[in-house]
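Trainee: Sharing my_file.cif, mmCIF, C-alpha atoms:
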```cif
data_protein
#
loop_
_atom_site.label_atom_id
_atom_site.label_comp_id
_atom_site.auth_asym_id
_atom_site.auth_seq_id
_atom_site.Cartn_x
_atom_site.Cartn_y
_atom_site.Cartn_z
CA MET A 1 20.69 33.05 -119.26
CA ALA A 2 19.35 31.95 -115.90
CA ARG A 3 15.74 30.89 -115.86
CA ARG A 4 13.45 33.31 -114.02
CA THR A 5 11.38 31.56 -111.39
CA LEU A 6 8.43 32.84 -109.40
CA ALA A 7 7.13 31.15 -106.26
CA LEU A 8 3.45 31.70 -105.42
CA CYS A 9 2.57 31.71 -101.72
CA ARG A 10 -1.17 31.09 -101.68
CA GLN A 11 -1.91 29.47 -98.33
CA ALA A 12 -2.85 31.02 -95.01
CA PRO A 13 0.02 30.46 -92.58
CA TYR A 14 -1.12 27.64 -90.27
CA GLY A 15 -4.06 25.83 -91.89
CA ASN A 16 -2.06 23.95 -94.49
CA ALA A 17 1.50 22.59 -94.30
CA LEU A 18 2.14 23.98 -97.76
CA ALA A 19 2.61 27.49 -96.33
CA ARG A 20 5.61 26.34 -94.27
CA GLU A 21 6.91 23.76 -96.72
CA GLY A 22 6.64 26.26 -99.57
CA LEU A 23 8.83 28.75 -97.73
CA GLU A 24 11.26 25.95 -96.89
CA ALA A 25 11.51 25.09 -100.59
CA VAL A 26 12.12 28.77 -101.39
CA LEU A 27 14.90 29.00 -98.78
CA ALA A 28 16.47 25.77 -100.07
CA ALA A 29 16.49 27.07 -103.65
CA SER A 30 17.99 30.35 -102.42
CA ALA A 31 20.76 28.51 -100.60
CA LEU A 32 21.66 27.02 -103.99
CA GLU A 33 21.73 30.52 -105.48
CA GLN A 34 18.50 29.94 -107.37
CA ALA A 35 16.40 32.35 -105.34
CA PRO A 36 12.96 32.72 -106.91
CA ASP A 37 10.91 35.90 -106.80
CA LEU A 38 7.89 35.64 -104.50
CA LEU A 39 4.25 36.58 -105.00
CA PHE A 40 1.89 36.43 -102.02
CA CYS A 41 -1.67 36.05 -103.24
CA GLY A 42 -5.02 34.70 -102.13
CA ASP A 43 -4.98 33.67 -98.47
CA GLY A 44 -1.18 33.70 -98.72
CA VAL A 45 -1.26 37.43 -97.88
CA PHE A 46 -2.19 36.41 -94.31
CA GLN A 47 1.37 35.04 -93.95
CA LEU A 48 2.52 38.66 -93.95
CA VAL A 49 0.26 39.89 -91.15
CA PRO A 50 2.40 40.73 -88.09
CA GLY A 51 1.71 39.73 -84.50
CA GLN A 52 0.97 36.07 -85.16
CA GLN A 53 0.91 33.95 -81.98
CA PRO A 54 0.93 30.36 -83.29
CA ALA A 55 2.30 28.97 -80.01
CA GLY A 56 -1.31 28.94 -78.85
CA ILE A 57 -2.02 26.12 -81.30
CA ASP A 58 1.39 24.46 -80.87
CA GLN A 59 2.69 25.68 -84.22
CA LYS A 60 6.08 27.15 -85.04
CA SER A 61 6.02 30.74 -86.22
CA LEU A 62 6.33 31.23 -89.97
CA GLN A 63 7.45 34.80 -89.45
CA ARG A 64 10.98 33.70 -88.64
CA ASN A 65 11.16 32.09 -92.11
CA LEU A 66 9.85 35.30 -93.68
CA GLN A 67 12.33 37.44 -91.75
CA ALA A 68 15.12 35.14 -92.98
CA LEU A 69 14.33 35.80 -96.65
CA PRO A 70 16.55 38.92 -97.01
CA ILE A 71 19.49 36.92 -95.60
CA PHE A 72 18.91 34.49 -98.47
CA ASP A 73 19.01 37.29 -101.06
CA ILE A 74 15.24 37.65 -101.33
CA GLU A 75 15.01 41.32 -100.51
CA ARG A 76 11.65 42.04 -102.10
CA ALA A 77 8.37 40.22 -102.56
CA PHE A 78 5.27 40.99 -104.60
CA VAL A 79 1.84 41.14 -103.01
CA CYS A 80 -1.43 40.86 -104.91
CA GLN A 81 -3.32 44.10 -104.30
CA ARG A 82 -6.70 42.57 -105.03
CA SER A 83 -6.13 39.73 -102.54
CA LEU A 84 -5.33 42.35 -99.88
CA ALA A 85 -8.44 44.40 -100.67
CA GLN A 86 -10.70 41.32 -100.67
CA ARG A 87 -9.49 40.55 -97.14
CA GLY A 88 -9.77 44.09 -95.79
CA LEU A 89 -6.00 44.54 -95.63
CA SER A 90 -3.67 47.19 -96.94
CA LEU A 91 0.09 47.26 -97.36
CA ASP A 92 0.34 49.22 -94.10
CA ASP A 93 -1.11 46.26 -92.19
CA LEU A 94 1.71 43.92 -93.23
CA ALA A 95 5.00 43.03 -91.54
CA LYS A 96 7.87 45.42 -92.18
CA ASP A 97 10.68 43.19 -90.93
CA GLY A 98 10.91 40.80 -93.90
CA PRO A 99 11.45 41.50 -97.58
CA ALA A 100 10.31 44.85 -99.00
CA LEU A 101 6.74 44.38 -100.24
CA HIS A 102 5.65 45.60 -103.67
CA PRO A 103 1.93 45.71 -104.47
CA VAL A 104 0.92 44.27 -107.85
CA ALA A 105 -2.36 45.06 -109.59
CA ASP A 106 -2.02 42.76 -112.59
CA THR A 107 -0.68 39.47 -111.23
CA GLY A 108 -1.42 37.67 -114.52
CA ARG A 109 1.01 39.90 -116.35
CA LEU A 110 3.61 39.47 -113.60
CA ILE A 111 3.35 35.67 -113.69
CA ALA A 112 3.53 35.60 -117.49
CA GLY A 113 6.99 37.19 -117.30
CA TYR A 114 8.56 34.12 -115.67
CA ASP A 115 9.94 30.91 -117.16
CA THR A 116 8.83 28.71 -114.25
CA VAL A 117 6.24 29.08 -111.51
CA LEU A 118 6.43 27.15 -108.26
CA SER A 119 2.98 27.06 -106.74
CA PHE A 120 2.70 26.71 -102.96
CA MET B 1 10.11 18.95 -124.37
CA LYS B 2 11.66 18.29 -120.97
CA PHE B 3 9.17 18.16 -118.09
CA SER B 4 9.39 17.86 -114.34
CA LEU B 5 6.43 17.26 -112.04
CA ALA B 6 5.90 18.43 -108.46
CA VAL B 7 3.35 16.27 -106.66
CA TYR B 8 1.86 17.55 -103.38
CA ALA B 9 -1.14 15.23 -103.20
CA ALA B 10 -1.40 11.91 -101.36
CA PRO B 11 -2.98 8.97 -103.19
CA HIS B 12 -6.54 8.14 -102.09
CA SER B 13 -6.97 11.68 -100.72
CA SER B 14 -6.93 13.80 -103.83
CA GLN B 15 -7.45 13.11 -107.52
CA SER B 16 -4.30 15.17 -108.15
CA ALA B 17 -2.06 12.21 -107.26
CA ALA B 18 -3.69 10.05 -109.96
CA SER B 19 -3.68 12.98 -112.40
CA ALA B 20 0.09 13.34 -111.93
CA LEU B 21 0.58 9.68 -112.85
CA ARG B 22 -1.68 9.96 -115.89
CA PHE B 23 0.07 13.13 -117.01
CA ALA B 24 3.44 11.39 -116.68
CA GLN B 25 2.19 8.42 -118.72
CA ALA B 26 0.76 10.73 -121.38
CA LEU B 27 3.83 12.90 -121.81
CA LEU B 28 6.16 9.89 -122.04
CA GLY B 29 3.73 8.30 -124.49
CA GLN B 30 4.04 11.36 -126.70
CA GLY B 31 7.82 11.17 -126.72
CA HIS B 32 8.56 13.96 -124.24
CA GLU B 33 11.23 13.64 -121.59
CA LEU B 34 10.46 13.45 -117.86
CA TYR B 35 13.47 14.82 -116.03
CA ARG B 36 12.19 14.25 -112.49
CA VAL B 37 9.08 13.73 -110.38
CA PHE B 38 9.47 15.47 -107.03
CA PHE B 39 7.05 14.33 -104.32
CA TYR B 40 6.56 16.98 -101.65
CA CYS B 41 4.20 17.65 -98.72
CA ASP B 42 1.53 14.93 -98.55
CA GLY B 43 2.74 13.72 -101.95
CA VAL B 44 5.46 11.76 -100.14
CA HIS B 45 2.81 9.12 -99.34
CA ASN B 46 2.98 8.09 -103.01
CA GLY B 47 6.29 6.44 -102.12
CA SER B 48 4.97 4.31 -99.26
CA SER B 49 5.03 0.57 -99.84
CA LEU B 50 2.64 -0.08 -96.94
CA ALA B 51 -0.63 1.20 -98.42
CA THR B 52 -3.13 -1.59 -99.11
CA PRO B 53 -6.13 -0.09 -100.93
CA PRO B 54 -9.23 -2.26 -101.54
CA GLN B 55 -8.91 -4.42 -104.64
CA ASP B 56 -11.57 -2.50 -106.57
CA GLU B 57 -9.75 0.83 -106.12
CA PRO B 58 -6.82 1.97 -108.22
CA ASP B 59 -3.36 1.47 -106.74
CA LEU B 60 -0.99 4.13 -108.06
CA LEU B 61 2.20 2.62 -106.66
CA PRO B 62 2.63 -0.32 -109.10
CA ALA B 63 1.89 2.04 -111.97
CA TRP B 64 4.59 4.50 -110.85
CA GLN B 65 7.01 1.61 -110.39
CA ALA B 66 6.28 0.21 -113.85
CA LEU B 67 6.80 3.63 -115.40
CA GLN B 68 10.01 4.07 -113.43
CA ALA B 69 11.37 0.71 -114.56
CA GLU B 70 10.44 1.28 -118.19
CA HIS B 71 11.82 4.82 -118.50
CA GLY B 72 14.43 4.92 -115.72
CA LEU B 73 12.52 7.77 -114.06
CA ASP B 74 13.96 9.82 -111.22
CA LEU B 75 11.20 9.55 -108.60
CA VAL B 76 12.38 11.72 -105.70
CA ILE B 77 10.68 11.91 -102.31
CA CYS B 78 11.57 15.00 -100.27
CA ILE B 79 13.40 13.64 -97.26
CA ALA B 80 12.31 16.38 -94.83
CA ALA B 81 8.64 16.07 -95.79
CA ALA B 82 8.94 12.27 -95.66
CA GLN B 83 10.45 12.21 -92.17
CA ARG B 84 7.54 14.32 -90.88
CA ARG B 85 5.02 11.93 -92.40
CA GLY B 86 6.70 8.58 -91.85
CA VAL B 87 8.10 7.52 -95.21
CA LEU B 88 11.52 6.05 -94.38
CA SER B 89 14.17 4.07 -96.20
CA ASP B 90 15.92 1.18 -94.43
CA SER B 91 18.88 3.35 -93.50
CA GLU B 92 16.68 6.23 -92.31
CA ALA B 93 14.57 3.88 -90.20
CA ARG B 94 17.73 2.53 -88.56
CA ARG B 95 19.25 5.97 -88.08
CA LEU B 96 16.06 7.42 -86.59
CA GLU B 97 15.35 4.27 -84.57
CA ARG B 98 11.94 3.57 -86.04
CA PRO B 99 10.43 0.05 -86.16
CA ALA B 100 9.85 -0.15 -89.92
CA ALA B 101 10.94 1.18 -93.28
CA ASN B 102 8.43 1.71 -96.08
CA LEU B 103 10.14 3.54 -98.95
CA ALA B 104 8.91 1.75 -102.07
CA GLU B 105 11.26 0.26 -104.65
CA GLY B 106 11.90 2.70 -107.48
CA PHE B 107 11.76 5.83 -105.29
CA VAL B 108 14.67 7.69 -103.68
CA LEU B 109 14.86 10.10 -100.75
CA ALA B 110 16.65 13.39 -101.43
CA GLY B 111 16.68 17.01 -100.36
CA LEU B 112 14.79 20.06 -101.57
CA GLY B 113 17.73 20.97 -103.76
CA GLN B 114 16.41 18.38 -106.21
CA LEU B 115 13.31 20.52 -106.74
CA ALA B 116 15.45 23.59 -107.48
CA ASP B 117 17.58 21.45 -109.80
CA ALA B 118 14.46 20.22 -111.60
CA VAL B 119 13.33 23.82 -112.12
CA ALA B 120 16.73 24.73 -113.53
CA HIS B 121 16.88 21.79 -115.96
CA SER B 122 13.31 21.46 -117.24
CA ASP B 123 11.39 23.36 -119.89
CA ARG B 124 8.19 22.95 -117.89
CA LEU B 125 7.42 22.29 -114.23
CA VAL B 126 3.86 21.08 -113.67
CA THR B 127 2.44 21.01 -110.12
CA PHE B 128 -0.24 18.58 -108.95
CA GLY B 129 -2.21 19.09 -105.77
CA SER B 130 -2.40 21.67 -102.95
#
```
Spit out the file's structure as structure tokens when you get a sec.

Mentor:
Amino acid sequence: MARRTLALCRQAPYGNALAREGLEAVLAASALEQAPDLLFCGDGVFQLVPGQQPAGIDQKSLQRNLQALPIFDIERAFVCQRSLAQRGLSLDDLAKDGPALHPVADTGRLIAGYDTVLSF
Amino acid sequence: MKFSLAVYAAPHSSQSAASALRFAQALLGQGHELYRVFFYCDGVHNGSSLATPPQDEPDLLPAWQALQAEHGLDLVICIAAAQRRGVLSDSEARRLERPAANLAEGFVLAGLGQLADAVAHSDRLVTFGS
């Protein structure tokens, strides 16, 4: 049986290279037909906020990577509800053009259900 | 048990880089298998042969190399992350027309597929740094 893998996206989109490089690792794994599930938590939920204009700080947009996820067979992603609430966000505030977003209340239980966790 | 490590931390910036080395030494010492160490993000600096830390500070590179030689470890530096940060093999330096190569002996450059492969073939993946 295939191992179930979860990738955690924990970084705000442009402050740390791990946000971009994490998504690149996810896309690379998906290209090899080992697509992990995704959980956006902590500041990682900011990756999902639409209307980012990173050109102003000479950064490439991460949203193109997020929009590409469904093409790579990642059609849904989990979002930590508590992380959203702590940052004054709700599911309605998040981008609708990437994977379908599923709120999760108990992330510990979700994570425990996987064989491997990639932490980005 | 079969382990793989993902190292995101640069030496001399974060304790995580040294912790990864110590964890590798400990698990091999206890008879476990280390399938691969994948250096990603700033972790690629672990594979630079050009760092010259002061003599009274620990130098992780010779320790990684000794462990690699003793156990035949697969020490993989992500090639995309390494190109961004300037860790190049001889052939990459020539191909990209850069004045120097610095990939340390015992390390290899490879793609992100090696991380996915490590996940698929290891009982445990342990991440250091970020």

Trainee: For atom CA of Pro70 of chain A and atom CA of Gly43 of chain B, quote the distance in Å rounded to one decimal.

Mentor: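 About the pair atom CA of Pro70 of chain A and atom CA of Gly43 of chain B: they are 29.2 Å apart.
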
Trainee: With only C-alpha atoms as the basis for distance, which of B:Ala66, B:Val37, B:Leu28, B:Ala9 is at the shortest distance from chain A?

Mentor: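 The answer is B:Ala9, which sits nearest to chain A.
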
Trainee: For this structure, which residues satisfy the selection - the PyMOL selection byres ((chain A and resi 17) around 12) - when it is evaluated on the file as given? I want them as a list in words.

Mentor: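 Against this file, the PyMOL selection byres ((chain A and resi 17) around 12) returns the residues Cys9, Arg10, Gln11, Ala12, Pro13, Tyr14, Gly15, Asn16, Leu18, Ala19, Arg20, Glu21, Gly22, Leu23, Glu24, Gln59, Lys60, Leu62 and Phe120 of chain A; Tyr8, Ala9, Tyr40, Cys41, Asp42, Gly43, Ala81, Arg84, Arg85 and Ser130 of chain B.
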
Trainee: With C-alpha atoms retained, write the just-selected residues as a compact mmCIF listing (two decimals), in the frame of the given file.

Mentor:
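Written out: part-v3.txt:
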```txt
# COMPACT_ATOMS: atom_id res chain seq x y z
CA CYS A 9 2.57 31.71 -101.72
CA ARG A 10 -1.17 31.09 -101.68
CA GLN A 11 -1.91 29.47 -98.33
CA ALA A 12 -2.85 31.02 -95.01
CA PRO A 13 0.02 30.46 -92.58
CA TYR A 14 -1.12 27.64 -90.27
CA GLY A 15 -4.06 25.83 -91.89
CA ASN A 16 -2.06 23.95 -94.49
CA LEU A 18 2.14 23.98 -97.76
CA ALA A 19 2.61 27.49 -96.33
CA ARG A 20 5.61 26.34 -94.27
CA GLU A 21 6.91 23.76 -96.72
CA GLY A 22 6.64 26.26 -99.57
CA LEU A 23 8.83 28.75 -97.73
CA GLU A 24 11.26 25.95 -96.89
CA GLN A 59 2.69 25.68 -84.22
CA LYS A 60 6.08 27.15 -85.04
CA LEU A 62 6.33 31.23 -89.97
CA PHE A 120 2.70 26.71 -102.96
CA TYR B 8 1.86 17.55 -103.38
CA ALA B 9 -1.14 15.23 -103.20
CA TYR B 40 6.56 16.98 -101.65
CA CYS B 41 4.20 17.65 -98.72
CA ASP B 42 1.53 14.93 -98.55
CA GLY B 43 2.74 13.72 -101.95
CA ALA B 81 8.64 16.07 -95.79
CA ARG B 84 7.54 14.32 -90.88
CA ARG B 85 5.02 11.93 -92.40
CA SER B 130 -2.40 21.67 -102.95
```

Trainee: Could the residues of chain B that have an atom at most 9 Å from chain A be listed as CSV, each with its closest atom pair and the distance in Å to one decimal, counting all atoms listed in the file and ordered by chain and ascending residue number?

Mentor:
```
residue,atom,partner,partner_atom,distance
B:Ala6,CA,A:Leu118,CA,8.7
B:Tyr8,CA,A:Leu18,CA,8.5
B:Tyr40,CA,A:Glu21,CA,8.4
B:Cys41,CA,A:Leu18,CA,6.7
B:Asp42,CA,A:Ala17,CA,8.8
B:Ala81,CA,A:Glu21,CA,7.9
B:Gly111,CA,A:Ala28,CA,8.8
B:Leu112,CA,A:Ala25,CA,6.1
B:Gly113,CA,A:Ala28,CA,6.2
B:Leu115,CA,A:Ala25,CA,7.9
B:Ala116,CA,A:Ala29,CA,5.3
B:Asp117,CA,A:Ala29,CA,8.4
B:Val119,CA,A:Thr116,CA,7.0
B:Ala120,CA,A:Arg3,CA,6.7
B:Asp123,CA,A:Asp115,CA,8.2
B:Arg124,CA,A:Thr116,CA,6.8
B:Leu125,CA,A:Thr116,CA,6.6
B:Val126,CA,A:Leu118,CA,8.5
B:Thr127,CA,A:Ser119,CA,7.0
B:Ser130,CA,A:Phe120,CA,7.2
```

Trainee: Could you name the residues that touch segment 40-54 of chain A at 10 Å or less, counting all atoms listed in the file, but leaving out those on the same chain fewer than 5 positions away, as a PyMOL selection string?

Mentor: chain A and resi 7-14+19-20+59-63+66+77-84+86-87+89+91-98+101+103-104+107+120

Trainee: Find the distance between atom CA of Glu92 of chain B and atom CA of Phe128 of chain B and write it in Å to one decimal.

Mentor: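 Atom CA of Phe128 of chain B lies at a distance of 26.8 Å from atom CA of Glu92 of chain B.
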
Trainee: What's the separation between atom CA of Ser90 of chain A and atom CA of Leu38 of chain A, in Å to one decimal place?

Mentor: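 One can read the atom CA of Ser90 of chain A to atom CA of Leu38 of chain A distance as 18.0 Å.
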
Trainee: Name the residues within 7 Å of (9.4, 12.3, -111.4), counting all atoms listed in the file in the file's coordinates, and put them as JSON, numbers by chain.

Mentor: {"B": [4, 5, 34, 35, 36, 37, 38, 73, 74, 75, 76]}

Trainee: Which of these residues is nearest to Leu39 of chain A, using only C-alpha atoms: A:Arg109, A:Leu6, A:Phe72, A:Pro99?

Mentor: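 The closest residue to Leu39 of chain A is A:Leu6.
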